[in-house]
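Structure file protein11.cif (mmCIF, C-alpha atoms, pLDDT in the B column; chains and numbers go by the auth columns) follows.
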```
data_entry
loop_
_atom_site.group_PDB
_atom_site.id
_atom_site.type_symbol
_atom_site.label_atom_id
_atom_site.label_comp_id
_atom_site.label_asym_id
_atom_site.label_seq_id
_atom_site.Cartn_x
_atom_site.Cartn_y
_atom_site.Cartn_z
_atom_site.B_iso_or_equiv
_atom_site.auth_seq_id
_atom_site.auth_asym_id
ATOM 1 C CA MET A 1 132.971 163.110 105.315 49.00 1 A
ATOM 2 C CA GLU A 2 131.991 166.544 104.068 57.00 2 A
ATOM 3 C CA LYS A 3 128.877 168.046 105.614 64.00 3 A
ATOM 4 C CA LYS A 4 126.009 168.507 103.211 80.00 4 A
ATOM 5 C CA SER A 5 124.254 171.862 103.054 95.00 5 A
ATOM 6 C CA ILE A 6 120.733 170.621 102.277 97.00 6 A
ATOM 7 C CA LEU A 7 118.460 168.332 104.275 98.00 7 A
ATOM 8 C CA VAL A 8 115.383 166.674 102.745 98.00 8 A
ATOM 9 C CA VAL A 9 112.792 165.776 105.408 98.00 9 A
ATOM 10 C CA TYR A 10 109.589 163.929 104.569 98.00 10 A
ATOM 11 C CA TYR A 11 106.638 161.939 105.845 98.00 11 A
ATOM 12 C CA SER A 12 104.947 159.352 103.674 96.00 12 A
ATOM 13 C CA ARG A 13 102.016 157.027 104.307 93.00 13 A
ATOM 14 C CA SER A 14 101.441 155.587 100.840 91.00 14 A
ATOM 15 C CA GLY A 15 104.975 155.829 99.462 95.00 15 A
ATOM 16 C CA ASN A 16 104.373 158.700 97.011 95.00 16 A
ATOM 17 C CA THR A 17 106.108 161.370 99.092 97.00 17 A
ATOM 18 C CA GLU A 18 108.909 158.947 99.960 98.00 18 A
ATOM 19 C CA ARG A 19 109.519 158.211 96.280 97.00 19 A
ATOM 20 C CA LEU A 20 109.671 161.917 95.553 97.00 20 A
ATOM 21 C CA ALA A 21 111.998 162.653 98.503 98.00 21 A
ATOM 22 C CA LYS A 22 114.329 159.840 97.429 98.00 22 A
ATOM 23 C CA ASP A 23 114.420 161.306 93.909 98.00 23 A
ATOM 24 C CA ILE A 24 115.002 164.874 95.139 98.00 24 A
ATOM 25 C CA ALA A 25 117.793 164.168 97.651 97.00 25 A
ATOM 26 C CA PRO A 26 120.436 162.903 95.190 97.00 26 A
ATOM 27 C CA GLY A 27 119.709 165.781 92.798 96.00 27 A
ATOM 28 C CA LEU A 28 120.521 168.205 95.619 96.00 28 A
ATOM 29 C CA ASP A 29 123.327 166.116 97.156 96.00 29 A
ATOM 30 C CA ALA A 30 121.237 166.248 100.329 97.00 30 A
ATOM 31 C CA ASP A 31 120.898 164.222 103.487 97.00 31 A
ATOM 32 C CA LEU A 32 117.561 162.439 103.840 97.00 32 A
ATOM 33 C CA GLU A 33 115.366 162.216 106.953 98.00 33 A
ATOM 34 C CA LYS A 34 112.118 160.253 107.166 98.00 34 A
ATOM 35 C CA VAL A 35 109.686 161.487 109.817 98.00 35 A
ATOM 36 C CA ILE A 36 108.078 158.515 111.559 97.00 36 A
ATOM 37 C CA ASP A 37 104.594 159.012 113.012 97.00 37 A
ATOM 38 C CA LEU A 38 104.210 156.934 116.166 97.00 38 A
ATOM 39 C CA LYS A 39 100.436 156.800 115.689 95.00 39 A
ATOM 40 C CA ASN A 40 99.215 153.933 113.515 92.00 40 A
ATOM 41 C CA ARG A 41 97.920 155.525 110.295 92.00 41 A
ATOM 42 C CA SER A 42 97.401 152.271 108.384 91.00 42 A
ATOM 43 C CA GLY A 43 94.133 151.031 106.965 91.00 43 A
ATOM 44 C CA ILE A 44 90.912 152.913 106.381 92.00 44 A
ATOM 45 C CA MET A 45 90.613 154.109 110.003 92.00 45 A
ATOM 46 C CA GLY A 46 94.191 155.426 109.910 91.00 46 A
ATOM 47 C CA PHE A 47 93.314 157.272 106.719 90.00 47 A
ATOM 48 C CA ILE A 48 90.111 158.765 108.159 92.00 48 A
ATOM 49 C CA LEU A 49 91.619 159.739 111.521 93.00 49 A
ATOM 50 C CA GLY A 50 94.719 161.111 109.812 93.00 50 A
ATOM 51 C CA GLY A 51 92.570 163.349 107.617 93.00 51 A
ATOM 52 C CA ARG A 52 90.630 164.518 110.650 95.00 52 A
ATOM 53 C CA ASP A 53 93.812 165.276 112.599 96.00 53 A
ATOM 54 C CA ALA A 54 95.269 167.153 109.616 95.00 54 A
ATOM 55 C CA MET A 55 92.129 169.281 109.167 93.00 55 A
ATOM 56 C CA LYS A 56 92.029 170.092 112.889 95.00 56 A
ATOM 57 C CA LYS A 57 95.799 170.780 112.880 93.00 57 A
ATOM 58 C CA ILE A 58 96.355 168.218 115.630 92.00 58 A
ATOM 59 C CA PRO A 59 100.019 167.288 116.056 91.00 59 A
ATOM 60 C CA THR A 60 101.140 163.724 116.753 96.00 60 A
ATOM 61 C CA LYS A 61 104.100 162.001 118.364 97.00 61 A
ATOM 62 C CA ILE A 62 107.059 161.272 116.106 98.00 62 A
ATOM 63 C CA GLU A 63 110.306 159.350 116.495 97.00 63 A
ATOM 64 C CA SER A 64 113.351 161.449 117.373 96.00 64 A
ATOM 65 C CA VAL A 65 115.021 162.815 114.266 96.00 65 A
ATOM 66 C CA LYS A 66 118.618 162.010 113.334 96.00 66 A
ATOM 67 C CA PHE A 67 119.576 165.299 111.685 96.00 67 A
ATOM 68 C CA ASP A 68 119.622 168.786 113.234 96.00 68 A
ATOM 69 C CA PRO A 69 118.110 171.192 110.670 96.00 69 A
ATOM 70 C CA SER A 70 120.066 174.118 112.145 95.00 70 A
ATOM 71 C CA GLU A 71 123.222 172.538 110.726 95.00 71 A
ATOM 72 C CA TYR A 72 121.931 172.921 107.162 96.00 72 A
ATOM 73 C CA ASP A 73 121.696 175.974 104.925 96.00 73 A
ATOM 74 C CA LEU A 74 118.359 174.792 103.548 97.00 74 A
ATOM 75 C CA VAL A 75 115.696 172.254 104.509 98.00 75 A
ATOM 76 C CA ALA A 76 113.296 170.777 101.942 98.00 76 A
ATOM 77 C CA VAL A 77 110.192 169.338 103.596 98.00 77 A
ATOM 78 C CA GLY A 78 107.889 166.862 101.863 97.00 78 A
ATOM 79 C CA THR A 79 104.332 166.186 102.940 96.00 79 A
ATOM 80 C CA PRO A 80 101.252 164.477 101.619 95.00 80 A
ATOM 81 C CA VAL A 81 98.134 166.636 101.724 94.00 81 A
ATOM 82 C CA TRP A 82 95.345 165.315 103.940 93.00 82 A
ATOM 83 C CA GLY A 83 92.107 167.211 104.242 88.00 83 A
ATOM 84 C CA GLY A 84 93.691 170.206 102.505 89.00 84 A
ATOM 85 C CA ASN A 85 96.468 170.459 105.118 92.00 85 A
ATOM 86 C CA ILE A 86 99.933 169.237 105.945 94.00 86 A
ATOM 87 C CA VAL A 87 99.999 165.928 107.795 96.00 87 A
ATOM 88 C CA PRO A 88 100.217 165.752 111.615 97.00 88 A
ATOM 89 C CA ALA A 89 103.756 164.279 111.569 97.00 89 A
ATOM 90 C CA VAL A 90 105.112 167.199 109.534 97.00 90 A
ATOM 91 C CA ARG A 91 103.289 169.673 111.796 96.00 91 A
ATOM 92 C CA THR A 92 104.948 168.004 114.804 97.00 92 A
ATOM 93 C CA TYR A 93 108.344 168.126 113.063 98.00 93 A
ATOM 94 C CA PHE A 94 107.965 171.877 112.560 96.00 94 A
ATOM 95 C CA ASN A 95 106.805 172.333 116.184 94.00 95 A
ATOM 96 C CA SER A 96 109.893 170.503 117.435 95.00 96 A
ATOM 97 C CA GLN A 97 112.278 172.467 115.194 95.00 97 A
ATOM 98 C CA LYS A 98 111.011 176.029 115.724 88.00 98 A
ATOM 99 C CA GLY A 99 113.666 178.566 114.792 90.00 99 A
ATOM 100 C CA GLN A 100 116.083 175.880 113.580 94.00 100 A
ATOM 101 C CA ILE A 101 115.396 176.073 109.835 96.00 101 A
ATOM 102 C CA LYS A 102 117.386 178.782 108.031 95.00 102 A
ATOM 103 C CA LYS A 103 115.838 178.448 104.557 96.00 103 A
ATOM 104 C CA LEU A 104 112.763 176.380 103.710 97.00 104 A
ATOM 105 C CA VAL A 105 111.355 174.862 100.543 97.00 105 A
ATOM 106 C CA PHE A 106 108.627 172.251 100.351 96.00 106 A
ATOM 107 C CA PHE A 107 107.079 169.666 98.087 96.00 107 A
ATOM 108 C CA GLU A 108 103.743 167.968 98.418 95.00 108 A
ATOM 109 C CA THR A 109 101.905 165.015 96.998 95.00 109 A
ATOM 110 C CA SER A 110 98.152 164.911 96.728 92.00 110 A
ATOM 111 C CA GLY A 111 95.214 163.853 94.651 85.00 111 A
ATOM 112 C CA SER A 112 94.802 167.324 93.201 78.00 112 A
ATOM 113 C CA THR A 113 95.620 170.002 95.811 79.00 113 A
ATOM 114 C CA LEU A 114 97.775 172.790 94.421 78.00 114 A
ATOM 115 C CA PRO A 115 100.859 173.597 96.525 84.00 115 A
ATOM 116 C CA GLU A 116 99.758 177.242 96.727 84.00 116 A
ATOM 117 C CA LYS A 117 96.738 176.048 98.735 85.00 117 A
ATOM 118 C CA ILE A 118 98.927 174.711 101.553 87.00 118 A
ATOM 119 C CA ALA A 119 101.814 177.212 101.363 88.00 119 A
ATOM 120 C CA GLY A 120 100.137 179.242 104.108 87.00 120 A
ATOM 121 C CA SER A 121 99.817 176.274 106.442 88.00 121 A
ATOM 122 C CA ILE A 122 103.465 175.363 105.810 91.00 122 A
ATOM 123 C CA GLU A 123 104.510 178.941 106.597 91.00 123 A
ATOM 124 C CA GLU A 124 102.324 178.995 109.715 92.00 124 A
ATOM 125 C CA ALA A 125 103.600 175.643 111.009 92.00 125 A
ATOM 126 C CA ALA A 126 107.257 176.306 110.168 93.00 126 A
ATOM 127 C CA GLN A 127 107.169 179.991 111.081 92.00 127 A
ATOM 128 C CA LYS A 128 109.206 180.463 107.933 93.00 128 A
ATOM 129 C CA LYS A 129 108.192 181.522 104.421 93.00 129 A
ATOM 130 C CA PRO A 130 108.988 178.842 101.837 95.00 130 A
ATOM 131 C CA LEU A 131 111.351 180.086 99.113 96.00 131 A
ATOM 132 C CA ALA A 132 110.191 177.482 96.585 95.00 132 A
ATOM 133 C CA PHE A 133 107.606 174.738 96.392 94.00 133 A
ATOM 134 C CA ALA A 134 106.189 172.111 94.085 94.00 134 A
ATOM 135 C CA GLY A 135 103.121 169.942 94.068 94.00 135 A
ATOM 136 C CA PHE A 136 102.874 166.503 92.553 95.00 136 A
ATOM 137 C CA GLY A 137 99.309 165.417 91.959 92.00 137 A
ATOM 138 C CA ALA A 138 98.111 161.996 90.886 89.00 138 A
ATOM 139 C CA LYS A 139 98.686 162.805 87.198 89.00 139 A
ATOM 140 C CA GLU A 140 102.311 163.889 87.700 91.00 140 A
ATOM 141 C CA LEU A 141 103.053 160.904 89.910 93.00 141 A
ATOM 142 C CA LYS A 142 101.781 158.446 87.279 94.00 142 A
ATOM 143 C CA ASP A 143 103.183 160.045 84.098 95.00 143 A
ATOM 144 C CA ALA A 144 106.967 159.394 84.011 96.00 144 A
ATOM 145 C CA GLU A 145 107.720 162.213 81.572 96.00 145 A
ATOM 146 C CA ILE A 146 105.714 164.862 83.464 95.00 146 A
ATOM 147 C CA TYR A 147 107.166 163.599 86.766 96.00 147 A
ATOM 148 C CA LYS A 148 110.763 163.815 85.529 96.00 148 A
ATOM 149 C CA THR A 149 110.283 167.337 84.142 96.00 149 A
ATOM 150 C CA LYS A 150 108.570 168.621 87.283 95.00 150 A
ATOM 151 C CA LEU A 151 111.197 166.963 89.489 97.00 151 A
ATOM 152 C CA GLU A 152 114.053 168.553 87.530 97.00 152 A
ATOM 153 C CA ASP A 153 112.330 171.958 87.628 97.00 153 A
ATOM 154 C CA PHE A 154 111.930 171.734 91.410 97.00 154 A
ATOM 155 C CA ILE A 155 115.561 170.686 91.918 97.00 155 A
ATOM 156 C CA GLU A 156 116.706 173.650 89.821 97.00 156 A
ATOM 157 C CA ALA A 157 114.432 176.032 91.773 96.00 157 A
ATOM 158 C CA VAL A 158 115.871 174.756 95.060 96.00 158 A
ATOM 159 C CA LYS A 159 119.446 175.161 93.805 95.00 159 A
ATOM 160 C CA ALA A 160 118.611 178.741 92.825 95.00 160 A
ATOM 161 C CA VAL A 161 117.529 179.669 96.376 94.00 161 A
ATOM 162 C CA SER A 162 120.082 177.604 98.329 88.00 162 A
#
```
Show this structure as structure tokens.
Amino acid sequence: MEKKSILVVYYSRSGNTERLAKDIAPGLDADLEKVIDLKNRSGIMGFILGGRDAMKKIPTKIESVKFDPSEYDLVAVGTPVWGGNIVPAVRTYFNSQKGQIKKLVFFETSGSTLPEKIAGSIEEAAQKKPLAFAGFGAKELKDAEIYKTKLEDFIEAVKAVS
């Protein structure tokens, strides 16, 4: 089996980021890695505590990952936005992979946070400047035509920097 050059890594609580990651990966012929948070983030308390942990930049414990990002030319990381920040599981992923990511792009899902607002926290956590990014707010996630266009634009942007 031929090694793929792109890895798509994501965390998803509600399913929005997972949907996006699963739509991005085939368009990039990429391997797909779901980051599993070992802390229970379900229900209203999981939502509240998750937002608090994200705002305070508190990492969490995650399951061991299957794919080594250093074996890929590019890693695309997907995160929901909680409290204006990346989620604890993605922060922990970056902490555990310091220096392993050659090229980085990211995508985020949120109610309305623009990806430019979290680009700095991604760069800080990953210790790598993202070469491309896209944000999918509630409107883009619900409107099939806008979603498809934005998805295709992001895939093309990633191909251009990979």
Checklist entry - Given the file above and the PyMOL selection byres ((chain A and resi 84) around 12), which residues are selected, and can you give them as a ChimeraX atom specification? => result /A:50-57,79-83,85-87,108-122
Output the selection as a PDB file, keeping the file's coordinate frame - C-alpha atoms for each residue.
```pdb
ATOM      1  CA  GLY A  50      94.719 161.111 109.812  1.00 93.00           C
ATOM      2  CA  GLY A  51      92.570 163.349 107.617  1.00 93.00           C
ATOM      3  CA  ARG A  52      90.630 164.518 110.650  1.00 95.00           C
ATOM      4  CA  ASP A  53      93.812 165.276 112.599  1.00 96.00           C
ATOM      5  CA  ALA A  54      95.269 167.153 109.616  1.00 95.00           C
ATOM      6  CA  MET A  55      92.129 169.281 109.167  1.00 93.00           C
ATOM      7  CA  LYS A  56      92.029 170.092 112.889  1.00 95.00           C
ATOM      8  CA  LYS A  57      95.799 170.780 112.880  1.00 93.00           C
ATOM      9  CA  THR A  79     104.332 166.186 102.940  1.00 96.00           C
ATOM     10  CA  PRO A  80     101.252 164.477 101.619  1.00 95.00           C
ATOM     11  CA  VAL A  81      98.134 166.636 101.724  1.00 94.00           C
ATOM     12  CA  TRP A  82      95.345 165.315 103.940  1.00 93.00           C
ATOM     13  CA  GLY A  83      92.107 167.211 104.242  1.00 88.00           C
ATOM     14  CA  ASN A  85      96.468 170.459 105.118  1.00 92.00           C
ATOM     15  CA  ILE A  86      99.933 169.237 105.945  1.00 94.00           C
ATOM     16  CA  VAL A  87      99.999 165.928 107.795  1.00 96.00           C
ATOM     17  CA  GLU A 108     103.743 167.968  98.418  1.00 95.00           C
ATOM     18  CA  THR A 109     101.905 165.015  96.998  1.00 95.00           C
ATOM     19  CA  SER A 110      98.152 164.911  96.728  1.00 92.00           C
ATOM     20  CA  GLY A 111      95.214 163.853  94.651  1.00 85.00           C
ATOM     21  CA  SER A 112      94.802 167.324  93.201  1.00 78.00           C
ATOM     22  CA  THR A 113      95.620 170.002  95.811  1.00 79.00           C
ATOM     23  CA  LEU A 114      97.775 172.790  94.421  1.00 78.00           C
ATOM     24  CA  PRO A 115     100.859 173.597  96.525  1.00 84.00           C
ATOM     25  CA  GLU A 116      99.758 177.242  96.727  1.00 84.00           C
ATOM     26  CA  LYS A 117      96.738 176.048  98.735  1.00 85.00           C
ATOM     27  CA  ILE A 118      98.927 174.711 101.553  1.00 87.00           C
ATOM     28  CA  ALA A 119     101.814 177.212 101.363  1.00 88.00           C
ATOM     29  CA  GLY A 120     100.137 179.242 104.108  1.00 87.00           C
ATOM     30  CA  SER A 121      99.817 176.274 106.442  1.00 88.00           C
ATOM     31  CA  ILE A 122     103.465 175.363 105.810  1.00 91.00           C
TER      32      ILE A 122
END
```
Item to check | Given all atoms listed in the file as the counted atoms, nearest of A:Glu140, A:Glu124, A:Asp73, A:Glu145 to Ser162 (chain A) | outcome: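 Among A:Glu140, A:Glu124, A:Asp73, A:Glu145, it is A:Asp73 that comes nearest to Ser162 (chain A).
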Checklist entry - Suppose you want the space between CA of Leu104 (chain A) and CA of Val75 (chain A); what is it in Å? => result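 If I compute the distance from CA of Leu104 (chain A) to CA of Val75 (chain A), I get 5.1 Å.
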Checklist entry - Can you list what the PyMOL selection byres ((chain A and resi 128-132) around 7) grabs from this structure, as a VMD selection string? => result chain A and resid 104 to 106 123 126 to 127 133 157 to 158 161
With C-alpha atoms retained, could you export that selection as a compact mmCIF listing (two decimals), in the coordinates of the input?
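Full text of part-v4.txt as output:
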```
# COMPACT_ATOMS: atom_id res chain seq x y z
CA LEU A 104 112.76 176.38 103.71
CA VAL A 105 111.36 174.86 100.54
CA PHE A 106 108.63 172.25 100.35
CA GLU A 123 104.51 178.94 106.60
CA ALA A 126 107.26 176.31 110.17
CA GLN A 127 107.17 179.99 111.08
CA PHE A 133 107.61 174.74 96.39
CA ALA A 157 114.43 176.03 91.77
CA VAL A 158 115.87 174.76 95.06
CA VAL A 161 117.53 179.67 96.38
```
Checklist entry - Which residue, A:Thr60, A:Gln100, A:Arg13, A:Ala160, has the smallest gap to Phe47 (chain A) when you use all atoms listed in the file? => result A:Arg13
Item to check | Test item: the PyMOL selection byres ((chain A and resi 21) around 10) resolved as number ranges by chain | outcome: A: 8-12, 15-20, 22-26, 32-34, 76-79, 107-108
Checklist outcome for this item: Using only C-alpha atoms, the shortest atom-to-atom distance to Pro59 (chain A) among A:Lys4, A:Lys159, A:Lys142, A:Lys39 belongs to A:Lys39
What lies within 9 Å of Tyr72 (chain A) using all atoms listed in the file, ignoring chain neighbours under 6 positions off, as an mmCIF file with C-alpha atoms, in the frame of the given file?
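After the write, part.cif holds the following:
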```
data_model
loop_
_atom_site.group_PDB
_atom_site.id
_atom_site.type_symbol
_atom_site.label_atom_id
_atom_site.label_comp_id
_atom_site.auth_asym_id
_atom_site.auth_seq_id
_atom_site.Cartn_x
_atom_site.Cartn_y
_atom_site.Cartn_z
ATOM 1 C CA LYS A 3 128.877 168.046 105.614
ATOM 2 C CA LYS A 4 126.009 168.507 103.211
ATOM 3 C CA SER A 5 124.254 171.862 103.054
ATOM 4 C CA ILE A 6 120.733 170.621 102.277
ATOM 5 C CA LEU A 7 118.460 168.332 104.275
ATOM 6 C CA ILE A 101 115.396 176.073 109.835
ATOM 7 C CA LYS A 102 117.386 178.782 108.031
ATOM 8 C CA LYS A 103 115.838 178.448 104.557
#
```
Checklist entry - Of the candidates A:Glu156, A:Val35, A:Met45, A:Asp29, which shows the shortest atom-to-atom distance to Ala89 (chain A), using only C-alpha atoms? => result A:Val35
Write out as a JSON list (two decimals) with C-alpha atoms, in the coordinates of the input which residues come within 7 Å of region 63-68 of chain A when counting all atoms listed in the file, dropping same-chain ones fewer than 6 positions away.
```
[["chain", "number", "residue", "atom", "x", "y", "z"],
["A", 36, "ILE", "CA", 108.08, 158.51, 111.56],
["A", 37, "ASP", "CA", 104.59, 159.01, 113.01],
["A", 38, "LEU", "CA", 104.21, 156.93, 116.17]]
```
Checklist outcome for this item: CA of Pro88 (chain A) to CA of Ile48 (chain A) measures 12.8 Å
Checklist entry - By how many Å are CA of Tyr93 (chain A) and CA of Glu71 (chain A) apart? => result 15.7 Å
Next on the checklist: From the options A:Gly99, A:Gly46, A:Gly135, A:Pro69, which residue's atoms come nearest to Leu151 (chain A), counting only C-alpha atoms?
Outcome noted: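 Looking at the shortest contact to Leu151 (chain A), the residue is A:Gly135.
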Using the incomplete input, complete region 18-28 of chain A to the level of all heavy atoms; output as a compact mmCIF listing (two decimals), keeping the file's coordinate frame.
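Written out: result23.txt:
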```
# COMPACT_ATOMS: atom_id res chain seq x y z
N GLU A 18 107.60 159.58 99.77
CA GLU A 18 108.91 158.95 99.96
C GLU A 18 109.62 158.80 98.62
O GLU A 18 110.82 159.09 98.51
CB GLU A 18 108.75 157.58 100.63
CG GLU A 18 110.08 156.91 100.90
CD GLU A 18 109.95 155.72 101.83
OE1 GLU A 18 108.96 154.96 101.73
OE2 GLU A 18 110.85 155.56 102.67
N ARG A 19 108.93 158.35 97.62
CA ARG A 19 109.52 158.21 96.28
C ARG A 19 110.07 159.55 95.82
O ARG A 19 111.20 159.64 95.33
CB ARG A 19 108.45 157.71 95.31
CG ARG A 19 108.85 157.80 93.85
CD ARG A 19 107.67 157.45 92.95
NE ARG A 19 107.93 157.85 91.59
CZ ARG A 19 107.00 158.21 90.73
NH1 ARG A 19 105.72 158.20 91.08
NH2 ARG A 19 107.30 158.55 89.51
N LEU A 20 109.27 160.59 95.98
CA LEU A 20 109.67 161.92 95.55
C LEU A 20 110.89 162.39 96.34
O LEU A 20 111.86 162.90 95.76
CB LEU A 20 108.49 162.87 95.72
CG LEU A 20 108.63 164.28 95.18
CD1 LEU A 20 109.05 164.31 93.72
CD2 LEU A 20 107.30 165.02 95.36
N ALA A 21 110.88 162.24 97.66
CA ALA A 21 112.00 162.65 98.50
C ALA A 21 113.28 161.92 98.09
O ALA A 21 114.36 162.53 98.01
CB ALA A 21 111.68 162.38 99.97
N LYS A 22 113.16 160.63 97.82
CA LYS A 22 114.33 159.84 97.43
C LYS A 22 114.84 160.21 96.04
O LYS A 22 116.00 159.95 95.72
CB LYS A 22 114.01 158.35 97.51
CG LYS A 22 113.93 157.86 98.95
CD LYS A 22 113.63 156.38 99.03
CE LYS A 22 113.73 155.89 100.47
NZ LYS A 22 113.43 154.45 100.58
N ASP A 23 113.99 160.81 95.22
CA ASP A 23 114.42 161.31 93.91
C ASP A 23 114.99 162.72 94.01
O ASP A 23 115.87 163.10 93.23
CB ASP A 23 113.26 161.29 92.91
CG ASP A 23 112.89 159.88 92.47
OD1 ASP A 23 113.70 158.94 92.66
OD2 ASP A 23 111.78 159.70 91.93
N ILE A 24 114.52 163.50 94.96
CA ILE A 24 115.00 164.87 95.14
C ILE A 24 116.38 164.90 95.80
O ILE A 24 117.28 165.63 95.37
CB ILE A 24 113.98 165.70 95.97
CG1 ILE A 24 112.73 165.97 95.14
CG2 ILE A 24 114.60 167.01 96.46
CD1 ILE A 24 111.56 166.54 95.95
N ALA A 25 116.56 164.11 96.85
CA ALA A 25 117.79 164.17 97.65
C ALA A 25 119.08 164.02 96.83
O ALA A 25 120.00 164.83 96.98
CB ALA A 25 117.74 163.16 98.79
N PRO A 26 119.19 163.03 95.95
CA PRO A 26 120.44 162.90 95.19
C PRO A 26 120.67 164.09 94.24
O PRO A 26 121.80 164.51 94.04
CB PRO A 26 120.27 161.61 94.38
CG PRO A 26 119.10 160.91 94.95
CD PRO A 26 118.28 161.91 95.68
N GLY A 27 119.58 164.63 93.70
CA GLY A 27 119.71 165.78 92.80
C GLY A 27 120.21 167.03 93.50
O GLY A 27 120.74 167.95 92.86
N LEU A 28 120.05 167.06 94.82
CA LEU A 28 120.52 168.20 95.62
C LEU A 28 121.74 167.85 96.47
O LEU A 28 122.20 168.67 97.25
CB LEU A 28 119.39 168.68 96.54
CG LEU A 28 118.16 169.24 95.86
CD1 LEU A 28 117.06 169.52 96.88
CD2 LEU A 28 118.50 170.51 95.09
```
